[in-house]
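The next block is structure.csv, given as CSV, C-alpha atoms.
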```csv
chain,number,residue,atom,x,y,z
A,1,MET,CA,-82.8,-38.7,-73.9
A,2,GLU,CA,-81.3,-42.2,-73.3
A,3,PRO,CA,-78.0,-43.2,-75.1
A,4,ALA,CA,-78.3,-45.4,-78.2
A,5,ALA,CA,-78.6,-49.1,-77.6
A,6,GLY,CA,-75.3,-50.7,-76.7
A,7,VAL,CA,-73.6,-47.4,-75.6
A,8,THR,CA,-73.6,-46.5,-71.9
A,9,ARG,CA,-73.9,-43.0,-70.4
A,10,GLU,CA,-70.3,-43.2,-69.2
A,11,GLU,CA,-68.9,-44.1,-72.6
A,12,ILE,CA,-70.7,-41.1,-74.2
A,13,ILE,CA,-69.5,-38.7,-71.5
A,14,ARG,CA,-65.9,-40.0,-71.7
A,15,LEU,CA,-65.9,-39.4,-75.5
A,16,MET,CA,-67.1,-35.9,-74.8
A,17,LEU,CA,-64.4,-35.3,-72.2
A,18,CYS,CA,-61.6,-36.6,-74.4
A,19,GLN,CA,-62.8,-34.5,-77.4
A,20,LEU,CA,-63.0,-31.3,-75.3
A,21,SER,CA,-59.5,-31.9,-74.0
A,22,ALA,CA,-58.2,-32.5,-77.5
A,23,TYR,CA,-59.7,-29.1,-78.5
A,24,GLY,CA,-57.8,-27.5,-75.6
A,25,TYR,CA,-60.7,-27.0,-73.2
A,26,SER,CA,-59.1,-29.0,-70.3
A,27,SER,CA,-60.7,-26.9,-67.6
A,28,LEU,CA,-64.2,-27.4,-69.0
A,29,SER,CA,-63.5,-31.1,-69.5
A,30,GLN,CA,-62.4,-31.4,-65.8
A,31,ALA,CA,-65.5,-29.5,-64.6
A,32,ILE,CA,-67.8,-31.8,-66.5
A,33,ALA,CA,-65.9,-34.9,-65.2
A,34,THR,CA,-66.3,-33.7,-61.6
A,35,HIS,CA,-70.0,-32.9,-62.1
A,36,THR,CA,-70.8,-36.2,-63.8
A,37,LYS,CA,-68.3,-38.3,-61.7
A,38,VAL,CA,-66.9,-39.8,-64.9
A,39,PRO,CA,-63.1,-39.9,-64.4
A,40,MET,CA,-60.7,-38.5,-67.0
A,41,THR,CA,-57.9,-40.7,-68.3
A,42,THR,CA,-54.7,-40.2,-70.3
A,43,GLU,CA,-56.5,-41.7,-73.3
A,44,SER,CA,-57.9,-38.3,-74.3
A,45,ASN,CA,-58.3,-38.2,-78.1
A,46,SER,CA,-60.5,-37.1,-81.0
A,47,ARG,CA,-62.4,-40.4,-81.2
A,48,LEU,CA,-65.7,-38.6,-80.9
A,49,SER,CA,-64.9,-36.3,-83.9
A,50,GLU,CA,-63.9,-39.4,-85.9
A,51,LEU,CA,-67.1,-41.2,-85.0
A,52,VAL,CA,-69.3,-38.2,-85.9
A,53,SER,CA,-67.4,-37.7,-89.2
A,54,ALA,CA,-67.9,-41.4,-90.1
A,55,GLY,CA,-71.6,-41.2,-89.1
A,56,LEU,CA,-72.1,-38.1,-91.2
A,57,GLN,CA,-70.4,-39.7,-94.2
A,58,SER,CA,-72.5,-42.8,-93.8
A,59,GLU,CA,-75.7,-40.7,-93.6
A,60,SER,CA,-74.6,-38.6,-96.6
A,61,ARG,CA,-74.1,-41.7,-98.7
A,62,ARG,CA,-77.5,-43.0,-97.7
A,63,LEU,CA,-79.1,-39.7,-98.7
A,64,GLY,CA,-77.0,-39.2,-101.8
A,65,GLY,CA,-74.9,-36.3,-100.6
A,66,ASP,CA,-71.1,-35.7,-100.4
A,67,VAL,CA,-70.1,-34.8,-96.9
A,68,GLU,CA,-66.6,-36.1,-97.4
A,69,GLY,CA,-66.0,-33.8,-100.4
A,70,ASP,CA,-67.2,-30.8,-98.5
A,71,ALA,CA,-65.0,-31.7,-95.6
A,72,GLU,CA,-61.9,-31.9,-97.8
A,73,MET,CA,-62.7,-28.5,-99.4
A,74,GLY,CA,-63.0,-27.1,-95.9
A,75,ALA,CA,-59.6,-28.6,-94.8
A,76,GLU,CA,-57.9,-27.2,-98.0
A,77,HIS,CA,-59.4,-23.8,-97.3
A,78,HIS,CA,-58.1,-23.9,-93.7
A,79,GLU,CA,-54.6,-24.8,-94.8
A,80,GLU,CA,-54.5,-22.0,-97.3
A,81,THR,CA,-55.7,-19.3,-94.9
A,82,GLY,CA,-54.3,-20.3,-91.5
A,83,GLY,CA,-50.8,-19.9,-90.0
A,84,LEU,CA,-47.5,-18.9,-91.6
A,85,ASP,CA,-47.7,-18.5,-95.4
A,86,LEU,CA,-44.6,-16.9,-97.0
A,87,GLY,CA,-46.2,-16.5,-100.4
A,88,ARG,CA,-49.3,-14.7,-99.1
A,89,ALA,CA,-47.6,-12.7,-96.4
A,90,ALA,CA,-44.9,-11.4,-98.7
A,91,HIS,CA,-47.5,-9.5,-100.6
A,92,SER,CA,-49.2,-8.0,-97.6
A,93,GLY,CA,-46.3,-5.6,-96.8
A,94,ALA,CA,-46.9,-5.9,-93.1
A,95,ALA,CA,-43.7,-6.4,-91.0
A,96,ALA,CA,-43.7,-8.2,-87.7
A,97,THR,CA,-42.7,-6.2,-84.6
A,98,MET,CA,-41.3,-7.3,-81.3
A,99,PRO,CA,-43.1,-5.9,-78.2
A,100,ARG,CA,-41.1,-4.4,-75.4
A,101,TYR,CA,-40.8,-7.2,-72.9
A,102,SER,CA,-40.2,-7.2,-69.2
A,103,THR,CA,-39.8,-9.9,-66.6
A,104,TRP,CA,-43.2,-10.5,-64.9
A,105,TYR,CA,-42.0,-13.3,-62.7
A,106,MET,CA,-38.8,-15.1,-61.8
A,107,THR,CA,-38.1,-18.2,-59.7
A,108,ARG,CA,-35.1,-20.3,-59.2
A,109,HIS,CA,-34.1,-24.0,-59.2
A,110,LYS,CA,-31.2,-25.3,-57.2
A,111,GLY,CA,-29.2,-26.0,-60.4
A,112,ALA,CA,-29.2,-24.8,-64.0
A,113,ALA,CA,-32.7,-24.6,-65.4
A,114,THR,CA,-32.8,-26.7,-68.6
A,115,THR,CA,-36.3,-26.9,-70.1
A,116,ALA,CA,-39.8,-25.5,-70.1
A,117,ALA,CA,-43.1,-25.9,-71.8
A,118,PHE,CA,-46.6,-24.4,-71.7
A,119,SER,CA,-49.8,-26.4,-71.5
A,120,ARG,CA,-52.0,-26.3,-74.7
A,121,ASP,CA,-54.4,-23.7,-73.1
A,122,GLY,CA,-51.5,-21.6,-71.9
A,123,ARG,CA,-52.6,-21.7,-68.2
A,124,TYR,CA,-49.6,-23.7,-66.9
A,125,ILE,CA,-45.9,-23.8,-67.4
A,126,ALA,CA,-43.6,-26.7,-66.4
A,127,THR,CA,-39.9,-26.2,-65.9
A,128,GLY,CA,-37.1,-28.7,-65.3
A,129,SER,CA,-33.5,-28.5,-64.0
A,130,VAL,CA,-30.2,-30.1,-63.5
A,131,ASP,CA,-31.3,-30.4,-59.8
A,132,THR,CA,-33.8,-33.2,-61.0
A,133,SER,CA,-36.9,-31.2,-59.9
A,134,LEU,CA,-39.9,-30.0,-61.9
A,135,LYS,CA,-41.8,-26.9,-61.1
A,136,LEU,CA,-45.5,-26.3,-62.1
A,137,ILE,CA,-46.4,-22.6,-62.5
A,138,GLU,CA,-49.9,-21.3,-62.9
A,139,VAL,CA,-49.9,-18.3,-65.3
A,140,ASP,CA,-53.0,-16.6,-63.9
A,141,ARG,CA,-51.0,-16.1,-60.6
A,142,VAL,CA,-48.3,-14.1,-62.4
A,143,ARG,CA,-48.9,-10.4,-62.1
A,144,CYS,CA,-47.8,-7.5,-64.3
A,145,PRO,CA,-45.1,-5.6,-62.4
A,146,LEU,CA,-46.7,-2.3,-63.4
A,147,THR,CA,-49.9,-3.1,-61.4
A,148,GLY,CA,-47.9,-3.5,-58.1
A,149,MET,CA,-46.4,-6.3,-56.1
A,150,ALA,CA,-48.0,-9.7,-56.2
A,151,ARG,CA,-50.0,-10.8,-53.2
A,152,PRO,CA,-48.5,-13.6,-50.9
A,153,GLU,CA,-51.4,-15.9,-51.8
A,154,ASP,CA,-50.6,-15.5,-55.5
A,155,LYS,CA,-47.5,-17.7,-55.4
A,156,PRO,CA,-47.3,-18.9,-59.0
A,157,VAL,CA,-45.3,-22.1,-58.3
A,158,ILE,CA,-48.2,-24.4,-57.3
A,159,ARG,CA,-46.3,-27.7,-57.2
A,160,THR,CA,-42.8,-29.1,-57.2
A,161,LEU,CA,-42.4,-32.7,-58.6
A,162,TYR,CA,-39.6,-35.2,-58.0
A,163,HIS,CA,-38.8,-38.6,-59.3
A,164,HIS,CA,-35.8,-38.3,-61.6
A,165,THR,CA,-32.3,-39.1,-60.5
A,166,ALA,CA,-30.4,-36.9,-63.0
A,167,GLU,CA,-30.8,-33.8,-65.2
A,168,ILE,CA,-34.2,-33.2,-66.7
A,169,THR,CA,-33.9,-32.5,-70.4
A,170,GLY,CA,-37.4,-32.2,-71.7
A,171,VAL,CA,-41.0,-31.6,-70.6
A,172,ALA,CA,-44.4,-31.8,-72.4
A,173,PHE,CA,-48.0,-31.5,-71.3
A,174,HIS,CA,-50.6,-34.1,-72.4
A,175,PRO,CA,-53.2,-32.3,-74.6
A,176,ASN,CA,-55.8,-32.8,-71.9
A,177,GLY,CA,-53.6,-30.7,-69.5
A,178,LEU,CA,-53.9,-33.2,-66.7
A,179,VAL,CA,-50.7,-35.2,-67.3
A,180,LEU,CA,-47.1,-33.9,-67.5
A,181,ALA,CA,-44.3,-35.9,-69.2
A,182,SER,CA,-40.7,-35.4,-68.5
A,183,CYS,CA,-37.5,-37.0,-69.8
A,184,SER,CA,-34.0,-37.2,-68.3
A,185,VAL,CA,-30.4,-38.1,-68.6
A,186,ASP,CA,-31.4,-40.9,-66.1
A,187,ARG,CA,-32.8,-42.8,-69.2
A,188,THR,CA,-36.4,-42.5,-68.1
A,189,ILE,CA,-39.6,-40.8,-69.1
A,190,LYS,CA,-42.0,-40.0,-66.3
A,191,LEU,CA,-45.7,-39.3,-66.4
A,192,PHE,CA,-47.2,-37.2,-63.5
A,193,ASP,CA,-50.9,-36.9,-62.7
A,194,LEU,CA,-51.6,-33.1,-62.3
A,195,SER,CA,-55.2,-33.7,-61.4
A,196,ALA,CA,-54.3,-35.4,-58.1
A,197,ALA,CA,-54.5,-33.0,-55.2
A,198,TYR,CA,-51.3,-34.3,-53.7
A,199,GLY,CA,-48.4,-36.4,-54.8
A,200,LYS,CA,-44.9,-35.5,-56.1
A,201,HIS,CA,-44.0,-38.7,-57.8
A,202,SER,CA,-44.9,-40.1,-61.3
A,203,PHE,CA,-47.5,-42.8,-61.9
A,204,GLN,CA,-45.9,-44.2,-65.0
A,205,SER,CA,-42.3,-44.6,-66.2
A,206,MET,CA,-40.7,-45.7,-69.5
A,207,LYS,CA,-37.0,-46.6,-69.7
A,208,ASP,CA,-34.4,-46.9,-72.4
A,209,ASN,CA,-30.7,-47.7,-72.7
A,210,HIS,CA,-29.8,-44.1,-73.5
A,211,ALA,CA,-30.3,-40.6,-72.1
A,212,TYR,CA,-33.5,-38.9,-73.4
A,213,ARG,CA,-33.2,-35.4,-74.8
A,214,SER,CA,-36.6,-34.5,-76.2
A,215,ILE,CA,-40.2,-35.6,-76.0
A,216,ALA,CA,-43.5,-34.6,-77.7
A,217,PHE,CA,-47.1,-35.7,-77.4
A,218,HIS,CA,-49.2,-36.7,-80.4
A,219,PRO,CA,-52.1,-34.2,-80.7
A,220,SER,CA,-54.5,-37.0,-79.6
A,221,GLY,CA,-52.5,-37.7,-76.5
A,222,GLU,CA,-52.4,-41.4,-77.3
A,223,TYR,CA,-48.7,-41.5,-78.2
A,224,LEU,CA,-45.5,-39.9,-77.1
A,225,ALA,CA,-42.4,-39.5,-79.4
A,226,ALA,CA,-39.0,-39.5,-77.8
A,227,GLY,CA,-35.4,-39.1,-78.9
A,228,GLY,CA,-32.1,-39.2,-77.1
A,229,ASP,CA,-28.5,-40.3,-77.3
A,230,GLY,CA,-29.5,-43.3,-79.3
A,231,CYS,CA,-30.0,-43.0,-83.1
A,232,GLU,CA,-33.6,-44.1,-83.1
A,233,VAL,CA,-36.9,-42.1,-82.6
A,234,ARG,CA,-39.2,-44.1,-80.3
A,235,VAL,CA,-43.0,-43.7,-80.1
A,236,TYR,CA,-44.7,-44.9,-77.0
A,237,ASN,CA,-48.3,-45.9,-76.5
A,238,VAL,CA,-49.2,-43.8,-73.5
A,239,SER,CA,-51.7,-46.3,-72.1
A,240,THR,CA,-49.5,-49.4,-72.3
A,241,GLY,CA,-46.0,-47.9,-72.2
A,242,LYS,CA,-45.0,-50.1,-75.2
A,243,ALA,CA,-42.7,-48.5,-77.8
A,244,TYR,CA,-41.9,-49.0,-81.5
A,245,LEU,CA,-39.1,-47.5,-83.6
A,246,LEU,CA,-39.7,-45.2,-86.5
A,247,GLY,CA,-38.1,-46.0,-89.9
A,248,SER,CA,-36.4,-49.4,-89.6
A,249,GLY,CA,-33.2,-49.1,-91.5
A,250,ALA,CA,-33.6,-45.3,-92.0
A,251,GLN,CA,-32.5,-44.0,-88.6
A,252,HIS,CA,-30.1,-41.2,-87.9
A,253,SER,CA,-26.4,-42.1,-87.5
A,254,ALA,CA,-26.0,-40.1,-84.3
A,255,GLY,CA,-28.0,-39.0,-81.3
A,256,ILE,CA,-31.4,-37.3,-81.5
A,257,THR,CA,-31.5,-33.7,-80.3
A,258,GLY,CA,-35.2,-32.9,-80.9
A,259,VAL,CA,-38.6,-34.4,-81.9
A,260,GLY,CA,-42.0,-32.9,-82.6
A,261,TYR,CA,-45.4,-33.6,-84.0
A,262,ALA,CA,-47.2,-31.7,-86.8
A,263,SER,CA,-50.5,-30.2,-85.5
A,264,SER,CA,-52.5,-32.9,-87.3
A,265,GLY,CA,-50.2,-35.7,-86.1
A,266,ALA,CA,-49.6,-36.8,-89.7
A,267,LEU,CA,-45.8,-36.2,-89.4
A,268,VAL,CA,-43.1,-36.5,-86.9
A,269,SER,CA,-39.9,-34.5,-87.1
A,270,SER,CA,-36.5,-35.3,-85.7
A,271,SER,CA,-33.1,-33.5,-85.6
A,272,SER,CA,-29.8,-35.1,-84.9
A,273,ARG,CA,-26.1,-34.5,-84.2
A,274,ASP,CA,-25.4,-36.2,-87.5
A,275,GLY,CA,-26.4,-32.9,-89.2
A,276,SER,CA,-29.7,-34.2,-90.7
A,277,VAL,CA,-33.4,-33.6,-90.2
A,278,LYS,CA,-35.9,-36.3,-90.9
A,279,LEU,CA,-39.7,-36.3,-91.4
A,280,TRP,CA,-41.6,-39.5,-90.6
A,281,ASP,CA,-45.1,-40.6,-91.5
A,282,GLY,CA,-47.0,-40.5,-88.2
A,283,ALA,CA,-49.1,-43.5,-89.1
A,284,THR,CA,-46.7,-45.9,-90.8
A,285,GLY,CA,-43.4,-44.8,-89.2
A,286,LYS,CA,-41.7,-44.6,-92.6
A,287,CYS,CA,-39.2,-41.8,-93.3
A,288,VAL,CA,-40.7,-39.6,-96.0
A,289,ARG,CA,-38.0,-36.9,-96.2
A,290,THR,CA,-34.4,-36.4,-95.1
A,291,LEU,CA,-32.7,-33.0,-95.1
A,292,ASP,CA,-29.1,-34.0,-95.2
A,293,ARG,CA,-26.4,-31.5,-94.1
A,294,ALA,CA,-29.2,-29.1,-93.2
A,295,HIS,CA,-26.7,-26.9,-91.5
A,296,GLY,CA,-23.6,-27.5,-93.6
A,297,GLY,CA,-22.8,-30.7,-91.8
A,298,GLN,CA,-22.9,-29.2,-88.3
A,299,ALA,CA,-25.1,-30.8,-85.7
A,300,VAL,CA,-28.8,-29.8,-85.8
A,301,THR,CA,-29.8,-29.0,-82.2
A,302,ALA,CA,-33.6,-28.5,-82.5
A,303,VAL,CA,-36.6,-28.8,-84.8
A,304,ALA,CA,-40.1,-27.3,-84.7
A,305,PHE,CA,-43.2,-27.3,-87.0
A,306,SER,CA,-45.1,-24.2,-87.9
A,307,GLN,CA,-48.7,-24.2,-86.7
A,308,ASN,CA,-50.1,-25.1,-90.1
A,309,SER,CA,-47.3,-27.8,-90.6
A,310,LYS,CA,-46.3,-26.2,-93.9
A,311,TYR,CA,-42.8,-25.4,-92.6
A,312,VAL,CA,-40.3,-26.8,-90.2
A,313,LEU,CA,-37.8,-24.7,-88.3
A,314,THR,CA,-34.3,-26.0,-87.5
A,315,THR,CA,-31.4,-24.7,-85.4
A,316,GLY,CA,-27.8,-25.7,-86.1
A,317,LEU,CA,-24.3,-25.2,-84.7
A,318,ASP,CA,-23.4,-23.2,-87.8
A,319,SER,CA,-25.2,-20.3,-86.1
A,320,ARG,CA,-28.1,-20.3,-88.5
A,321,VAL,CA,-31.8,-20.9,-88.0
A,322,CYS,CA,-33.4,-22.3,-91.1
A,323,LEU,CA,-37.0,-22.5,-92.4
A,324,TRP,CA,-37.8,-25.4,-94.7
A,325,ASP,CA,-40.9,-26.1,-96.9
A,326,VAL,CA,-42.2,-29.5,-95.7
A,327,GLY,CA,-43.8,-30.3,-99.1
A,328,SER,CA,-40.7,-29.7,-101.2
A,329,GLY,CA,-37.8,-29.8,-98.7
A,330,ARG,CA,-36.7,-26.5,-100.1
A,331,LEU,CA,-34.8,-24.0,-97.9
A,332,MET,CA,-37.1,-20.9,-97.6
A,333,HIS,CA,-35.1,-18.7,-95.2
A,334,ALA,CA,-31.8,-18.7,-93.2
A,335,TYR,CA,-32.1,-16.4,-90.2
A,336,GLU,CA,-28.6,-15.1,-89.3
A,337,GLY,CA,-27.2,-12.7,-86.7
A,338,ALA,CA,-27.1,-14.9,-83.5
A,339,THR,CA,-24.2,-17.0,-82.1
A,340,LEU,CA,-25.5,-20.5,-81.7
A,341,ASN,CA,-22.7,-22.8,-80.4
A,342,SER,CA,-24.6,-24.5,-77.5
A,343,PRO,CA,-26.2,-28.0,-77.8
A,344,SER,CA,-29.2,-26.5,-76.0
A,345,SER,CA,-29.8,-23.9,-78.8
A,346,GLY,CA,-33.3,-24.2,-80.1
A,347,ALA,CA,-35.3,-21.7,-82.2
A,348,VAL,CA,-39.1,-21.4,-81.7
A,349,PHE,CA,-42.0,-19.6,-83.3
A,350,SER,CA,-44.0,-16.9,-81.5
A,351,CYS,CA,-47.6,-17.7,-80.7
A,352,ASP,CA,-48.8,-16.5,-84.1
A,353,ASP,CA,-45.8,-17.7,-86.1
A,354,SER,CA,-45.0,-14.1,-87.0
A,355,LEU,CA,-41.6,-14.1,-85.3
A,356,VAL,CA,-38.7,-16.6,-84.9
A,357,LEU,CA,-37.0,-16.5,-81.6
A,358,VAL,CA,-33.7,-18.0,-80.5
A,359,ALA,CA,-31.2,-17.5,-77.6
A,360,ASP,CA,-27.8,-16.1,-78.5
A,361,SER,CA,-25.1,-18.3,-76.9
A,362,ARG,CA,-22.6,-15.5,-76.6
A,363,LEU,CA,-24.7,-12.5,-75.4
A,364,ASN,CA,-27.3,-14.5,-73.4
A,365,ASP,CA,-30.2,-12.7,-74.9
A,366,ILE,CA,-33.2,-13.4,-77.2
A,367,VAL,CA,-32.8,-12.6,-80.9
A,368,SER,CA,-36.0,-12.3,-82.9
A,369,TRP,CA,-36.6,-12.2,-86.7
A,370,ASP,CA,-39.6,-11.5,-88.9
A,371,ALA,CA,-40.6,-15.0,-89.9
A,372,VAL,CA,-41.6,-13.9,-93.4
A,373,SER,CA,-38.9,-11.4,-94.4
A,374,GLY,CA,-36.1,-12.9,-92.4
A,375,ASN,CA,-35.1,-9.4,-91.1
A,376,LEU,CA,-33.7,-9.2,-87.6
A,377,VAL,CA,-36.3,-7.3,-85.5
A,378,ALA,CA,-34.9,-7.0,-82.0
A,379,ARG,CA,-32.8,-8.3,-79.1
A,380,SER,CA,-34.3,-8.6,-75.7
A,381,ALA,CA,-34.8,-10.7,-72.5
A,382,GLN,CA,-31.2,-11.0,-71.3
A,383,HIS,CA,-29.9,-13.4,-68.6
A,384,LYS,CA,-26.7,-13.3,-66.7
A,385,GLN,CA,-25.6,-16.7,-68.1
A,386,LEU,CA,-26.4,-19.0,-71.0
A,387,ILE,CA,-30.1,-19.3,-71.9
A,388,THR,CA,-30.9,-23.0,-72.3
A,389,CYS,CA,-34.5,-22.9,-73.4
A,390,ILE,CA,-37.2,-20.7,-74.8
A,391,ALA,CA,-40.9,-21.8,-74.4
A,392,PRO,CA,-43.5,-19.6,-76.2
A,393,SER,CA,-47.0,-19.3,-74.9
A,394,PRO,CA,-49.5,-20.9,-77.4
A,395,VAL,CA,-52.1,-18.2,-76.7
A,396,ALA,CA,-50.4,-14.9,-75.9
A,397,PRO,CA,-47.3,-12.9,-76.8
A,398,ALA,CA,-45.4,-14.2,-73.8
A,399,PHE,CA,-42.6,-16.7,-73.3
A,400,MET,CA,-40.6,-18.5,-70.6
A,401,THR,CA,-36.8,-18.7,-70.5
A,402,CYS,CA,-34.5,-21.0,-68.6
A,403,SER,CA,-30.9,-20.3,-67.9
A,404,ALA,CA,-27.7,-21.8,-66.5
A,405,ASP,CA,-28.0,-19.0,-63.9
A,406,GLU,CA,-30.6,-21.3,-62.2
A,407,CYS,CA,-33.4,-18.8,-63.0
A,408,VAL,CA,-36.6,-19.3,-65.0
A,409,ARG,CA,-38.3,-16.0,-66.1
A,410,PHE,CA,-41.7,-15.3,-67.5
A,411,TRP,CA,-41.6,-12.5,-70.1
A,412,SER,CA,-44.6,-10.5,-71.3
A,413,PRO,CA,-45.2,-7.1,-73.0
A,414,ASP,CA,-45.6,-4.2,-70.6
A,415,ASP,CA,-48.9,-3.2,-72.2
A,416,VAL,CA,-50.8,-6.5,-71.9
```

Encoding of this model in structure tokens:
Amino acid sequence: MEPAAGVTREEIIRLMLCQLSAYGYSSLSQAIATHTKVPMTTESNSRLSELVSAGLQSESRRLGGDVEGDAEMGAEHHEETGGLDLGRAAHSGAAATMPRYSTWYMTRHKGAATTAAFSRDGRYIATGSVDTSLKLIEVDRVRCPLTGMARPEDKPVIRTLYHHTAEITGVAFHPNGLVLASCSVDRTIKLFDLSAAYGKHSFQSMKDNHAYRSIAFHPSGEYLAAGGDGCEVRVYNVSTGKAYLLGSGAQHSAGITGVGYASSGALVSSSSRDGSVKLWDGATGKCVRTLDRAHGGQAVTAVAFSQNSKYVLTTGLDSRVCLWDVGSGRLMHAYEGATLNSPSSGAVFSCDDSLVLVADSRLNDIVSWDAVSGNLVARSAQHKQLITCIAPSPVAPAFMTCSADECVRFWSPDDV
């Protein structure tokens, strides 16, 4: 079958590749790109889905149906049934449990390890360090210690990347899994092409007047949010490198410590040393909610959305992790029992949002709470020095930790 008039074969295939990557099937997308010889780009997005939706709605109107209404009902149903829901879960009576974790793999940087992130499909991990290097780890090469020693050919670190001149403070994978972004105290954001067989340097760089502290890709991969020692949240167009500021006149009054996108891309979150958390409209850039004194006036060191974007998780130097309702701005839980006095403290959700995890700054271990009840569940995964980052796998009950002891460790349950 030939493509519709005015649309080339390459355009159709590229839309398919971008949509598959947006769904998390980066390996399949790469295989199709190789077979068809249609190159992948960083412009991966959900444009195909949008075009199909528009076409279906147009056809429905022509035939007298109501596809849009059906789609909205489906979206509402998904929001009610997916992800963390305190109201529904409280009535289920089921308490979350923390598996028994062990170190499956450990590697070292030449300086304190500072940041880590998984790719969307959970196949790769990127880590960054004070030594200015990035390591790319392939999870499939990590072996359970109970099955014996790993083979020499199974070296999990498949690439080391260089191009920064100072401490790396954040990493993020493009949704297509083929590009890695990193930010640094050297005031730059670098983009690295992971599909290239060789090459250790970035292919694109964005620069600011302040050190960067946090970055996050829009779910479509078209935009990158960034925050740092300046008071503004910047959003970059990945293709052009051009930036615009969120919320003219409504910025934070001190440096940004964390940024993140809701799963739909409709909201951007930011946390700041000024003690506040802000939610921004992802399309207009307007500030739609401010949580002032979210941690009693203490600096807020991190922010993260739940998978269904109903809640936002914040970490503060008051040694509390707080869960907020996005719709009302109401505090739902305050998780206590950990010492959080490091600027690197950052709580995260487990892969299914059932647990909240954070690194204790005094004992150098991981504290976990039941996300619904707020009860402390366990302490595990100890390092010799301060844990600077926790990165949960998006697809499995595993996580990566970085530490000032220069080590990065991959933790997984013994019975997986």

Exercise. Name the residues in contact with Arg320 of chain A at a cut-off of 12 Å, using all atoms listed in the file, excluding same-chain residues fewer than 6 positions from it; report them as a ChimeraX atom specification.
Key: /A:294-296,298-302,313-314,333-341,345-347,356-360,367,369,374

Can I get the selection written as a tab-separated table (two decimals), keeping the file's coordinate frame, with C-alpha atoms?
```tsv
chain	number	residue	atom	x	y	z
A	294	ALA	CA	-29.20	-29.10	-93.20
A	295	HIS	CA	-26.70	-26.90	-91.50
A	296	GLY	CA	-23.60	-27.50	-93.60
A	298	GLN	CA	-22.90	-29.20	-88.30
A	299	ALA	CA	-25.10	-30.80	-85.70
A	300	VAL	CA	-28.80	-29.80	-85.80
A	301	THR	CA	-29.80	-29.00	-82.20
A	302	ALA	CA	-33.60	-28.50	-82.50
A	313	LEU	CA	-37.80	-24.70	-88.30
A	314	THR	CA	-34.30	-26.00	-87.50
A	333	HIS	CA	-35.10	-18.70	-95.20
A	334	ALA	CA	-31.80	-18.70	-93.20
A	335	TYR	CA	-32.10	-16.40	-90.20
A	336	GLU	CA	-28.60	-15.10	-89.30
A	337	GLY	CA	-27.20	-12.70	-86.70
A	338	ALA	CA	-27.10	-14.90	-83.50
A	339	THR	CA	-24.20	-17.00	-82.10
A	340	LEU	CA	-25.50	-20.50	-81.70
A	341	ASN	CA	-22.70	-22.80	-80.40
A	345	SER	CA	-29.80	-23.90	-78.80
A	346	GLY	CA	-33.30	-24.20	-80.10
A	347	ALA	CA	-35.30	-21.70	-82.20
A	356	VAL	CA	-38.70	-16.60	-84.90
A	357	LEU	CA	-37.00	-16.50	-81.60
A	358	VAL	CA	-33.70	-18.00	-80.50
A	359	ALA	CA	-31.20	-17.50	-77.60
A	360	ASP	CA	-27.80	-16.10	-78.50
A	367	VAL	CA	-32.80	-12.60	-80.90
A	369	TRP	CA	-36.60	-12.20	-86.70
A	374	GLY	CA	-36.10	-12.90	-92.40
```

Practice problem: Return the single residue from A:Ala126, A:Ala95, A:Ile390, A:Leu84 that is closest to Ser309 of chain A, with distances computed using all atoms listed in the file. | Solution: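 Smallest separation from Ser309 of chain A among the options: A:Leu84.
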
Practice problem: Work out how far atom CA of Leu178 of chain A is from atom CA of Lys110 of chain A, in Å to one decimal. | Solution: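 The value is 25.8 Å.
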
Quiz item: Hey, can you check how far atom CA of Thr127 of chain A sits from atom CA of Asp353 of chain A?
Solution: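 Atom-to-atom, atom CA of Thr127 of chain A and atom CA of Asp353 of chain A are spaced 22.7 Å apart.
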
Quiz item: In terms of the shortest atom-to-atom distance over all atoms listed in the file, which of A:Pro392, A:Pro156, A:Gly282, A:Gly329 is closest to Arg120 of chain A?
Solution: A:Pro392

Practice problem: Write out as a PyMOL selection string which residues come within 7 Å of Gln251 of chain A when counting all atoms listed in the file, dropping same-chain ones fewer than 3 positions away. | Solution: chain A and resi 231-232+247-248

Can I get the selected residues back with C-alpha atoms, as an mmCIF file, keeping the file's coordinate frame?
```
data_model
loop_
_atom_site.group_PDB
_atom_site.id
_atom_site.type_symbol
_atom_site.label_atom_id
_atom_site.label_comp_id
_atom_site.auth_asym_id
_atom_site.auth_seq_id
_atom_site.Cartn_x
_atom_site.Cartn_y
_atom_site.Cartn_z
ATOM 1 C CA CYS A 231 -30.000 -43.000 -83.100
ATOM 2 C CA GLU A 232 -33.600 -44.100 -83.100
ATOM 3 C CA GLY A 247 -38.100 -46.000 -89.900
ATOM 4 C CA SER A 248 -36.400 -49.400 -89.600
#
```

Practice problem: Rank A:Val277, A:Ala113, A:Val321, A:Ala266 by their smallest atom-to-atom distance to Ala254 of chain A, using all atoms listed in the file, and report the top residue only. | Solution: A:Val277

Quiz item: To one decimal place, how far is atom CA of Thr103 of chain A from atom CA of Ser354 of chain A in Å?
Solution: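 Between atom CA of Thr103 of chain A and atom CA of Ser354 of chain A the gap works out to 21.5 Å.
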
Quiz item: Do you know which residues are at most 9 Å from Ile13 of chain A counting all atoms listed in the file, after dropping those on the same chain fewer than 6 positions away, and could you put them as number ranges by chain?
Solution: A: 32-33, 36, 38

Practice problem: Go through A:Leu376, A:Val303, A:Lys200, A:Asp140 one by one, measure the shortest atom-to-atom distance of each to Trp104 of chain A using all atoms listed in the file, and give the residue with the smallest value. | Solution: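 Among A:Leu376, A:Val303, A:Lys200, A:Asp140, it is A:Asp140 that comes nearest to Trp104 of chain A.
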